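Listing of run_31.tsv, TSV, C-alpha atoms and all ligand atoms
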```tsv
chain	number	residue	atom	x	y	z
R	1	MET	CA	15.35	-54.54	31.25
R	2	TRP	CA	12.78	-52.17	32.83
R	3	THR	CA	14.77	-50.68	35.72
R	4	ASN	CA	11.99	-48.80	37.51
R	5	PRO	CA	8.37	-49.92	37.03
R	6	ASN	CA	7.22	-47.23	39.49
R	7	HIS	CA	7.45	-44.80	36.63
R	8	ARG	CA	4.60	-45.06	34.16
R	9	PRO	CA	4.29	-41.79	32.24
R	10	ARG	CA	1.20	-43.16	30.51
R	11	ARG	CA	-0.82	-42.65	33.73
R	12	ASN	CA	-0.77	-38.91	32.98
R	13	ARG	CA	-2.27	-39.58	29.56
R	14	LYS	CA	-5.07	-41.97	30.53
R	15	SER	CA	-8.03	-39.62	29.97
R	16	ALA	CA	-8.85	-36.40	28.18
R	17	ALA	CA	-9.34	-34.73	31.57
R	18	VAL	CA	-5.89	-35.59	32.89
R	19	ARG	CA	-4.25	-34.72	29.58
R	20	GLN	CA	-5.96	-31.34	29.63
R	21	MET	CA	-4.98	-30.78	33.26
R	22	VAL	CA	-1.28	-31.43	32.67
R	23	ALA	CA	-0.95	-29.80	29.26
R	24	GLU	CA	2.18	-27.63	29.32
R	25	THR	CA	1.23	-25.34	26.44
R	26	ASN	CA	-2.03	-23.71	25.53
R	27	LEU	CA	-3.29	-21.90	22.51
R	28	SER	CA	-6.21	-19.51	22.25
R	29	PRO	CA	-7.31	-16.73	19.89
R	30	ALA	CA	-5.75	-14.24	22.36
R	31	HIS	CA	-2.31	-15.48	21.23
R	32	LEU	CA	-2.98	-14.93	17.55
R	33	ILE	CA	-2.51	-11.99	15.18
R	34	TYR	CA	-4.50	-12.05	11.91
R	35	PRO	CA	-3.20	-10.35	8.73
R	36	TYR	CA	-5.13	-8.32	6.15
R	37	PHE	CA	-3.97	-7.32	2.67
R	38	LEU	CA	-5.69	-4.01	1.99
R	39	LEU	CA	-6.73	-2.65	-1.40
R	40	ASP	CA	-7.53	0.94	-2.28
R	41	GLY	CA	-11.15	1.72	-3.14
R	42	ILE	CA	-14.45	0.29	-2.06
R	43	HIS	CA	-16.24	-3.04	-2.22
R	44	ARG	CA	-13.51	-5.03	-3.93
R	45	ILE	CA	-12.16	-8.40	-2.96
R	46	GLU	CA	-9.59	-10.50	-4.84
R	47	ALA	CA	-8.64	-14.06	-3.96
R	48	ILE	CA	-4.93	-14.85	-3.68
R	49	LYS	CA	-4.31	-18.03	-5.64
R	50	SER	CA	-1.35	-19.29	-3.64
R	51	MET	CA	-3.09	-18.61	-0.31
R	52	PRO	CA	-6.48	-20.38	-0.36
R	53	GLY	CA	-8.92	-18.68	2.01
R	54	ILE	CA	-6.99	-15.38	2.08
R	55	ALA	CA	-7.93	-12.36	-0.03
R	56	ARG	CA	-6.97	-8.80	-0.74
R	57	MET	CA	-9.87	-6.50	0.13
R	58	THR	CA	-10.91	-2.89	0.51
R	59	VAL	CA	-11.33	-1.41	3.97
R	60	ASP	CA	-15.16	-1.54	3.99
R	61	LEU	CA	-15.00	-5.33	3.60
R	62	ALA	CA	-12.11	-5.62	6.03
R	63	LEU	CA	-14.21	-3.85	8.66
R	64	ARG	CA	-16.91	-6.53	8.43
R	65	ASP	CA	-14.33	-9.29	8.54
R	66	ILE	CA	-12.61	-7.77	11.57
R	67	GLU	CA	-15.94	-7.57	13.36
R	68	GLU	CA	-16.50	-11.28	12.72
R	69	CYS	CA	-13.00	-12.09	14.01
R	70	MET	CA	-13.54	-9.99	17.12
R	71	ASN	CA	-16.76	-11.85	17.85
R	72	HIS	CA	-14.63	-15.00	17.99
R	73	GLY	CA	-11.97	-13.66	20.34
R	74	LEU	CA	-9.35	-12.24	17.96
R	75	ARG	CA	-8.28	-8.70	18.80
R	76	SER	CA	-4.90	-8.21	17.11
R	77	PHE	CA	-4.54	-7.55	13.41
R	78	VAL	CA	-1.65	-6.73	11.12
R	79	LEU	CA	-2.31	-4.65	8.03
R	80	PHE	CA	-0.39	-4.81	4.74
R	81	PRO	CA	-1.02	-2.45	1.81
R	82	ALA	CA	-1.39	-3.73	-1.77
R	83	VAL	CA	-0.21	-0.63	-3.58
R	84	GLU	CA	-0.94	0.08	-7.24
R	85	ASP	CA	2.11	0.33	-9.50
R	86	ARG	CA	1.37	3.98	-10.39
R	87	HIS	CA	2.08	4.92	-6.75
R	88	LYS	CA	5.43	3.17	-6.59
R	89	ASP	CA	8.71	5.05	-6.90
R	90	THR	CA	12.35	4.55	-5.88
R	91	MET	CA	11.86	6.53	-2.62
R	92	ALA	CA	8.62	4.82	-1.49
R	93	SER	CA	7.20	8.32	-1.10
R	94	TYR	CA	3.58	7.10	-1.21
R	95	SER	CA	4.22	5.38	2.14
R	96	PHE	CA	3.93	8.72	3.93
R	97	ALA	CA	1.76	10.64	1.44
R	98	SER	CA	-1.27	12.32	2.96
R	99	ASP	CA	-3.63	10.65	0.47
R	100	ASN	CA	-2.25	7.15	1.16
R	101	PHE	CA	-5.24	4.78	1.38
R	102	TYR	CA	-3.44	2.51	3.88
R	103	LEU	CA	-3.08	5.35	6.39
R	104	HIS	CA	-6.76	6.19	5.91
R	105	ALA	CA	-7.66	2.55	6.45
R	106	ILE	CA	-5.76	2.48	9.77
R	107	ARG	CA	-7.75	5.52	10.89
R	108	THR	CA	-11.07	4.05	9.76
R	109	ILE	CA	-10.52	0.69	11.48
R	110	LYS	CA	-9.26	2.30	14.67
R	111	GLU	CA	-12.33	4.56	14.79
R	112	ALA	CA	-14.70	1.64	14.27
R	113	PHE	CA	-12.94	-0.67	16.75
R	114	PRO	CA	-10.89	1.35	19.25
R	115	GLU	CA	-10.41	-1.75	21.41
R	116	CYS	CA	-8.59	-3.77	18.74
R	117	LEU	CA	-4.79	-3.82	18.40
R	118	LEU	CA	-3.48	-2.73	15.00
R	119	ILE	CA	0.02	-3.58	13.85
R	120	SER	CA	1.70	-2.14	10.75
R	121	ASP	CA	4.42	-3.29	8.42
R	122	VAL	CA	7.33	-0.92	7.89
R	123	ALA	CA	9.56	-1.60	4.88
R	124	MET	CA	9.89	0.04	1.48
R	125	ASP	CA	8.99	-2.99	-0.63
R	126	PRO	CA	5.20	-2.55	-1.06
R	127	TYR	CA	5.78	1.07	-2.18
R	128	SER	CA	9.09	0.72	-4.01
R	129	SER	CA	9.47	0.48	-7.78
R	130	ASP	CA	12.57	-1.64	-7.03
R	131	GLY	CA	10.63	-4.05	-4.78
R	132	HIS	CA	13.31	-3.94	-2.10
R	133	ASP	CA	12.87	-3.18	1.60
R	134	GLY	CA	15.55	-0.48	1.45
R	135	LEU	CA	16.63	2.25	-0.96
R	136	VAL	CA	18.46	0.96	-4.04
R	137	GLU	CA	21.45	2.90	-5.41
R	138	ASN	CA	23.59	1.43	-8.18
R	139	GLY	CA	22.17	-2.01	-7.47
R	140	ALA	CA	22.99	-1.91	-3.75
R	141	ILE	CA	20.61	-1.52	-0.79
R	142	VAL	CA	21.86	1.55	1.06
R	143	ASN	CA	21.28	1.29	4.78
R	144	ASP	CA	21.65	4.78	6.21
R	145	LYS	CA	19.67	6.59	3.53
R	146	THR	CA	16.81	4.12	4.11
R	147	LEU	CA	16.49	4.97	7.81
R	148	PRO	CA	14.86	8.43	7.43
R	149	ILE	CA	12.36	6.96	4.95
R	150	LEU	CA	11.40	4.23	7.43
R	151	ALA	CA	11.12	6.86	10.16
R	152	LYS	CA	8.76	9.01	8.06
R	153	MET	CA	6.66	5.95	7.19
R	154	SER	CA	6.47	4.98	10.87
R	155	LEU	CA	5.54	8.46	11.98
R	156	ALA	CA	2.76	8.65	9.38
R	157	GLN	CA	1.39	5.33	10.67
R	158	ALA	CA	1.60	6.52	14.27
R	159	GLN	CA	-0.29	9.68	13.34
R	160	ALA	CA	-2.96	7.51	11.71
R	161	GLY	CA	-3.41	5.71	15.02
R	162	ILE	CA	-1.51	2.44	14.67
R	163	ASP	CA	-0.85	0.73	18.03
R	164	ILE	CA	2.32	-1.14	17.10
R	165	ILE	CA	4.87	-0.34	14.38
R	166	GLY	CA	6.31	-3.44	12.71
R	167	PRO	CA	9.66	-2.80	11.02
R	168	SER	CA	10.25	-5.78	8.72
R	169	ASP	CA	13.05	-4.29	6.63
R	170	MET	CA	16.18	-5.60	8.45
R	171	MET	CA	18.21	-2.39	8.02
R	172	ASP	CA	20.82	-1.89	10.75
R	173	GLY	CA	19.82	0.68	13.35
R	174	ARG	CA	16.22	1.07	12.26
R	175	VAL	CA	14.58	0.33	15.58
R	176	GLY	CA	16.52	3.07	17.35
R	177	HIS	CA	15.98	5.48	14.49
R	178	ILE	CA	12.22	4.87	14.43
R	179	ARG	CA	12.00	5.04	18.24
R	180	GLU	CA	13.70	8.43	18.24
R	181	ALA	CA	11.46	9.79	15.49
R	182	LEU	CA	8.33	8.61	17.33
R	183	ASP	CA	9.47	10.00	20.67
R	184	ASN	CA	10.48	13.35	19.19
R	185	ALA	CA	6.98	13.71	17.75
R	186	GLY	CA	5.36	12.79	21.07
R	187	TYR	CA	4.41	9.20	20.15
R	188	THR	CA	6.08	7.65	23.17
R	189	ASN	CA	3.13	5.30	23.59
R	190	THR	CA	3.38	3.76	20.11
R	191	SER	CA	5.05	0.35	20.41
R	192	ILE	CA	7.63	-1.28	18.16
R	193	MET	CA	7.51	-4.95	17.26
R	194	ALA	CA	10.86	-5.53	15.56
R	195	TYR	CA	11.23	-8.24	12.95
R	196	THR	CA	14.44	-9.15	14.75
R	197	ALA	CA	15.45	-12.45	13.19
R	198	LYS	CA	13.98	-12.30	9.71
R	199	TYR	CA	15.58	-14.83	7.42
R	200	ALA	CA	16.11	-14.68	3.64
R	201	SER	CA	13.53	-17.42	3.20
R	202	ALA	CA	11.88	-19.13	0.25
R	203	PHE	CA	8.68	-19.27	2.29
R	204	TYR	CA	7.63	-15.66	1.51
R	205	GLY	CA	6.66	-16.47	-2.10
R	206	PRO	CA	2.85	-16.37	-1.75
R	207	PHE	CA	3.02	-13.06	0.20
R	208	ARG	CA	4.97	-11.45	-2.62
R	209	ASP	CA	2.25	-12.68	-5.01
R	210	ALA	CA	-0.35	-11.10	-2.74
R	211	LEU	CA	1.32	-7.69	-2.80
R	212	GLU	CA	3.12	-7.99	-6.14
R	213	SER	CA	6.14	-6.87	-4.16
R	214	ALA	CA	8.87	-9.24	-5.32
R	215	PRO	CA	12.29	-7.58	-5.92
R	216	LYS	CA	12.69	-6.41	-9.52
R	217	SER	CA	16.30	-7.58	-9.45
R	218	GLY	CA	18.56	-9.45	-7.07
R	219	ASP	CA	17.46	-10.99	-3.78
R	220	LYS	CA	17.20	-9.92	-0.15
R	221	LYS	CA	20.27	-11.76	1.14
R	222	THR	CA	22.30	-8.63	1.94
R	223	TYR	CA	19.78	-7.60	4.59
R	224	GLN	CA	17.68	-10.62	5.62
R	225	MET	CA	19.52	-13.27	7.65
R	226	ASP	CA	21.20	-16.39	6.35
R	227	PRO	CA	19.13	-19.49	7.26
R	228	ALA	CA	22.38	-21.13	8.38
R	229	ASN	CA	22.80	-18.73	11.29
R	230	LYS	CA	21.68	-18.94	14.89
R	231	ARG	CA	24.19	-16.99	17.01
R	232	GLU	CA	23.67	-14.03	14.69
R	233	ALA	CA	20.02	-13.95	15.84
R	234	LEU	CA	21.29	-13.24	19.37
R	235	ARG	CA	23.32	-10.34	18.03
R	236	GLU	CA	20.32	-8.90	16.16
R	237	ALA	CA	18.18	-9.37	19.28
R	238	ALA	CA	20.66	-7.60	21.55
R	239	LEU	CA	20.67	-4.62	19.19
R	240	ASP	CA	16.87	-4.43	18.87
R	241	PHE	CA	16.49	-4.79	22.62
R	242	ASP	CA	18.96	-1.95	23.25
R	243	GLU	CA	17.34	0.22	20.60
R	244	GLY	CA	14.01	-0.07	22.43
R	245	ALA	CA	12.01	-2.83	20.76
R	246	ASP	CA	8.91	-3.73	22.82
R	247	LEU	CA	8.43	-7.10	21.13
R	248	MET	CA	10.78	-9.20	19.00
R	249	MET	CA	9.74	-11.37	16.12
R	250	VAL	CA	11.21	-14.47	14.52
R	251	LYS	CA	10.28	-15.11	10.91
R	252	PRO	CA	9.46	-17.62	9.44
R	253	ALA	CA	8.28	-19.78	12.33
R	254	LEU	CA	8.30	-23.48	11.52
R	255	CYS	CA	11.83	-23.92	10.17
R	256	TYR	CA	13.06	-21.57	12.91
R	257	LEU	CA	11.58	-22.98	16.13
R	258	ASP	CA	15.10	-23.16	17.59
R	259	ILE	CA	15.51	-19.41	17.07
R	260	ILE	CA	12.18	-18.70	18.80
R	261	HIS	CA	13.36	-20.79	21.74
R	262	LEU	CA	16.75	-19.09	21.82
R	263	LEU	CA	15.32	-15.57	21.97
R	264	LYS	CA	12.71	-16.57	24.54
R	265	GLU	CA	15.45	-17.94	26.82
R	266	ASN	CA	17.66	-14.90	26.48
R	267	PHE	CA	15.43	-11.81	26.45
R	268	GLU	CA	12.79	-10.58	28.85
R	269	ILE	CA	10.43	-9.08	26.31
R	270	PRO	CA	7.60	-10.88	24.47
R	271	ILE	CA	8.64	-13.00	21.50
R	272	THR	CA	6.36	-13.25	18.50
R	273	ALA	CA	6.63	-15.60	15.55
R	274	TYR	CA	5.47	-15.09	11.98
R	275	ASN	CA	3.93	-18.25	10.57
R	276	VAL	CA	4.49	-17.05	6.99
R	277	SER	CA	2.62	-17.38	3.72
R	278	GLY	CA	4.63	-20.35	2.40
R	279	GLU	CA	4.00	-22.29	5.59
R	280	TYR	CA	0.30	-21.60	5.21
R	281	ALA	CA	0.28	-22.56	1.53
R	282	MET	CA	2.14	-25.81	2.22
R	283	LEU	CA	-0.45	-27.08	4.67
R	284	LYS	CA	-3.41	-25.86	2.61
R	285	ALA	CA	-2.06	-27.60	-0.50
R	286	ALA	CA	-1.52	-30.90	1.32
R	287	ALA	CA	-5.03	-30.64	2.78
R	288	GLN	CA	-6.62	-29.88	-0.60
R	289	ASN	CA	-4.97	-33.01	-1.98
R	290	GLY	CA	-6.30	-35.07	0.89
R	291	TRP	CA	-2.74	-35.85	1.97
R	292	ILE	CA	-3.01	-34.59	5.53
R	293	ASP	CA	-5.66	-34.31	8.25
R	294	TYR	CA	-5.93	-30.52	8.19
R	295	ASP	CA	-8.22	-30.23	11.22
R	296	ARG	CA	-5.54	-31.80	13.41
R	297	ALA	CA	-2.40	-30.61	11.64
R	298	MET	CA	-3.28	-26.90	11.72
R	299	PRO	CA	-3.68	-26.51	15.50
R	300	GLU	CA	-0.68	-28.82	16.02
R	301	MET	CA	1.46	-26.47	13.92
R	302	LEU	CA	0.35	-23.44	15.91
R	303	LEU	CA	0.84	-25.25	19.21
R	304	SER	CA	4.41	-26.19	18.25
R	305	ILE	CA	5.21	-22.51	17.69
R	306	ARG	CA	3.82	-21.66	21.14
R	307	ARG	CA	5.73	-24.58	22.70
R	308	ALA	CA	8.97	-23.29	21.17
R	309	GLY	CA	8.40	-20.07	23.11
R	310	ALA	CA	6.31	-17.69	21.06
R	311	ASP	CA	4.05	-15.49	23.15
R	312	ALA	CA	2.04	-14.51	20.10
R	313	ILE	CA	1.80	-15.89	16.58
R	314	LEU	CA	1.12	-13.89	13.45
R	315	THR	CA	-0.69	-16.40	11.26
R	316	TYR	CA	-3.06	-16.65	8.28
R	317	PHE	CA	-4.70	-19.54	10.19
R	318	ALA	CA	-5.85	-17.22	12.99
R	319	LYS	CA	-9.42	-16.69	11.81
R	320	GLU	CA	-10.07	-20.33	11.03
R	321	PHE	CA	-8.58	-21.33	14.35
R	322	ALA	CA	-10.73	-18.84	16.23
R	323	LEU	CA	-13.89	-19.91	14.39
R	324	ASN	CA	-13.45	-23.67	14.59
R	325	TYR	CA	-10.95	-24.88	17.09
R	326	SER	CA	-10.84	-22.65	20.10
R	327	VAL	CA	-13.78	-24.06	22.05
R	328	LYS	CA	-13.21	-27.71	22.70
M	401	LIG	C1	7.92	-7.08	3.64
M	401	LIG	C2	7.39	-8.36	4.19
M	401	LIG	C3	7.48	-9.66	3.65
M	401	LIG	C4	6.70	-10.49	4.46
M	401	LIG	C5	6.19	-9.69	5.48
M	401	LIG	N1	6.64	-8.38	5.31
M	401	LIG	C6	8.10	-10.14	2.40
M	401	LIG	C7	9.55	-10.08	2.22
M	401	LIG	O1	10.33	-9.77	3.13
M	401	LIG	O2	9.97	-10.32	1.09
M	401	LIG	C8	6.45	-11.95	4.23
M	401	LIG	C9	5.31	-12.53	4.99
M	401	LIG	C10	4.80	-13.85	4.52
M	401	LIG	O3	5.43	-14.54	3.70
M	401	LIG	O4	3.73	-14.24	4.99
M	401	LIG	N2	9.14	-6.65	4.05
```

Could you quickly redo this structure as structure tokens?
Amino acid sequence: MWTNPNHRPRRNRKSAAVRQMVAETNLSPAHLIYPYFLLDGIHRIEAIKSMPGIARMTVDLALRDIEECMNHGLRSFVLFPAVEDRHKDTMASYSFASDNFYLHAIRTIKEAFPECLLISDVAMDPYSSDGHDGLVENGAIVNDKTLPILAKMSLAQAQAGIDIIGPSDMMDGRVGHIREALDNAGYTNTSIMAYTAKYASAFYGPFRDALESAPKSGDKKTYQMDPANKREALREAALDFDEGADLMMVKPALCYLDIIHLLKENFEIPITAYNVSGEYAMLKAAAQNGWIDYDRAMPEMLLSIRRAGADAILTYFAKEFALNYSVK
């Protein structure tokens, strides 16, 4: 039996205008962060097979691409280095070397587009011959000896002009350690976006192809979080908050919408979500097979991440969204 016919929720859905007026969540290019995989050298671009539409490229080509993105309302970009094997060692020393092409690229992009927001990735894996985010000793990832390396890497990026440091390594105490190193060197204005709840996920596969950064042995389960855990994300968040994180990230996004919501409810700093490579590849593959309506599914995915509570979304879909979907 229909107990109260006065209530007809469908009235608020009867036209596009009313639906738009009462929409609870919105999504625009201003909420999105677009990633680049940077190569050393000039005028080179390489497609990434498992990430259709995404490529590794040299900074000259990235500059043109960034300009196109900015013309469509994107202003925030995250930069990842694809480092040649000859530069990799156990200490990730290339990450703070003065001739590091990634640091030069940060400087070049910042000079060309001072108004854009550049975010880095801080972890040893792209530079490490072991392919781990921390220092490996006798097969174990040693936390406290990794911290000074991450601090040096962060400081080098700050000196190159990065706006936001993005520690993605999941070592204990790294946010505080990096904050102190930045402050001591006078970089009090350089922000930290902590990868706070980063899970040991199968969805990073295509990214590791892109950077050839997969661990040479073992897995990342002793530092990245167990997908079974939710309360532990609150513990990680409390630590990062206390250590001075300016923004906190949840990663991946789609299987972890509950974690995004949890952090948004409990902490008064912006929450970002990383819509990772495997999530991108999944949708692209279904679309290429004609199994899903990509034009509708892609913005729906991004909207769901915003609805869960993400203030900003780091996503490989950002450029396509900005070019095709933002003006409706
Ligand atoms: C490096 C890092 C990874 C990703 C971002 N930074 C890989 C990893 O932790 O193994 C994955 C991003 C993606 O899958 O899109 N620490």

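Take atom CA of Met298 of chain R and atom CA of Pro81 of chain R: the distance between them is 26.5 Å.
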
- [ ] Can you pull out every residue within 9 Å of Asp89 of chain R, counting all atoms listed in the file, but drop anything in the same chain fewer than 3 positions away, and send it as an MDAnalysis selection string?
- [x] chainID R and resid 85:86 92:94 127:130

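Taking atom CA of Ile313 of chain R and atom CA of Ala160 of chain R as the two end points, the separation is 24.4 Å.
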
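Shortest separation to Met70 of chain R among R:Phe101, R:Tyr256, R:Phe203, R:Phe113 occurs at residue R:Phe113, atoms counted being only C-alpha atoms.
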
- [ ] Name the residues, by chain letter and number, that sit within 8 Å of ligand LIG 401 (chain M) using only C-alpha atoms and all ligand atoms, and give them as a PyMOL selection string.
- [x] chain R and resi 80+121-126+132-133+167-169+198+200+203-208+213-215+220+224+252+274-278+315-316

For the interface of segment 75-109 of chain R with segment 26-42 of chain R (cut-off 8 Å, counting all atoms listed in the file), please tabulate each contacting residue of segment 75-109 of chain R alongside its nearest pair of atoms and their separation in Å to one decimal, rows sorted by chain and increasing number, as a tab-separated table.
```
residue	atom	partner	partner_atom	distance
R:Arg75	CA	R:Ala30	CA	7.1
R:Ser76	CA	R:Ile33	CA	4.9
R:Phe77	CA	R:Tyr34	CA	4.7
R:Val78	CA	R:Pro35	CA	4.6
R:Leu79	CA	R:Tyr36	CA	5.0
R:Phe80	CA	R:Phe37	CA	4.8
R:Pro81	CA	R:Leu38	CA	4.9
R:Ala82	CA	R:Leu39	CA	5.5
R:Val83	CA	R:Leu39	CA	7.2
R:Phe101	CA	R:Asp40	CA	5.8
R:Tyr102	CA	R:Leu38	CA	7.2
```

TODO: Considering all atoms listed in the file, state which residue in the set R:Lys216, R:Lys49, R:Arg306, R:Lys284 is at the smallest distance from Ala253 of chain R.
DONE: R:Arg306

Because the input lacks atoms here, generate N, CA, C and O atoms for segment 217-231 of chain R and report them as a compact mmCIF listing (two decimals), in the coordinates of the input.
```txt
# COMPACT_ATOMS: atom_id res chain seq x y z
N SER R 217 15.04 -6.90 -9.13
CA SER R 217 16.30 -7.58 -9.45
C SER R 217 16.99 -7.98 -8.14
O SER R 217 16.75 -7.37 -7.10
N GLY R 218 17.80 -9.00 -8.24
CA GLY R 218 18.56 -9.45 -7.07
C GLY R 218 17.67 -10.15 -6.05
O GLY R 218 16.53 -10.51 -6.33
N ASP R 219 18.22 -10.35 -4.85
CA ASP R 219 17.46 -10.99 -3.78
C ASP R 219 17.63 -10.18 -2.51
O ASP R 219 18.16 -9.07 -2.56
N LYS R 220 17.17 -10.71 -1.38
CA LYS R 220 17.20 -9.92 -0.15
C LYS R 220 18.29 -10.39 0.83
O LYS R 220 18.26 -10.08 2.00
N LYS R 221 19.27 -11.11 0.26
CA LYS R 221 20.27 -11.76 1.14
C LYS R 221 21.27 -10.80 1.78
O LYS R 221 21.97 -11.19 2.70
N THR R 222 21.35 -9.55 1.28
CA THR R 222 22.30 -8.63 1.94
C THR R 222 21.66 -7.96 3.15
O THR R 222 22.35 -7.26 3.89
N TYR R 223 20.36 -8.15 3.36
CA TYR R 223 19.78 -7.60 4.59
C TYR R 223 19.03 -8.63 5.43
O TYR R 223 19.10 -8.61 6.64
N GLN R 224 18.32 -9.58 4.82
CA GLN R 224 17.68 -10.62 5.62
C GLN R 224 18.72 -11.67 6.00
O GLN R 224 19.74 -11.85 5.32
N MET R 225 18.48 -12.38 7.10
CA MET R 225 19.52 -13.27 7.65
C MET R 225 19.69 -14.56 6.86
O MET R 225 18.76 -15.06 6.24
N ASP R 226 20.87 -15.11 6.98
CA ASP R 226 21.20 -16.39 6.35
C ASP R 226 20.57 -17.53 7.17
O ASP R 226 20.81 -17.61 8.39
N PRO R 227 19.77 -18.38 6.52
CA PRO R 227 19.13 -19.49 7.26
C PRO R 227 20.12 -20.40 8.01
O PRO R 227 19.72 -21.16 8.88
N ALA R 228 21.39 -20.29 7.69
CA ALA R 228 22.38 -21.13 8.38
C ALA R 228 22.70 -20.61 9.78
O ALA R 228 23.35 -21.30 10.56
N ASN R 229 22.28 -19.38 10.08
CA ASN R 229 22.80 -18.73 11.29
C ASN R 229 21.85 -18.67 12.47
O ASN R 229 20.67 -18.35 12.32
N LYS R 230 22.43 -18.94 13.65
CA LYS R 230 21.68 -18.94 14.89
C LYS R 230 22.26 -17.93 15.88
O LYS R 230 21.54 -17.12 16.45
N ARG R 231 23.58 -17.93 16.07
CA ARG R 231 24.19 -16.99 17.01
C ARG R 231 23.96 -15.56 16.54
O ARG R 231 23.81 -14.64 17.34
```
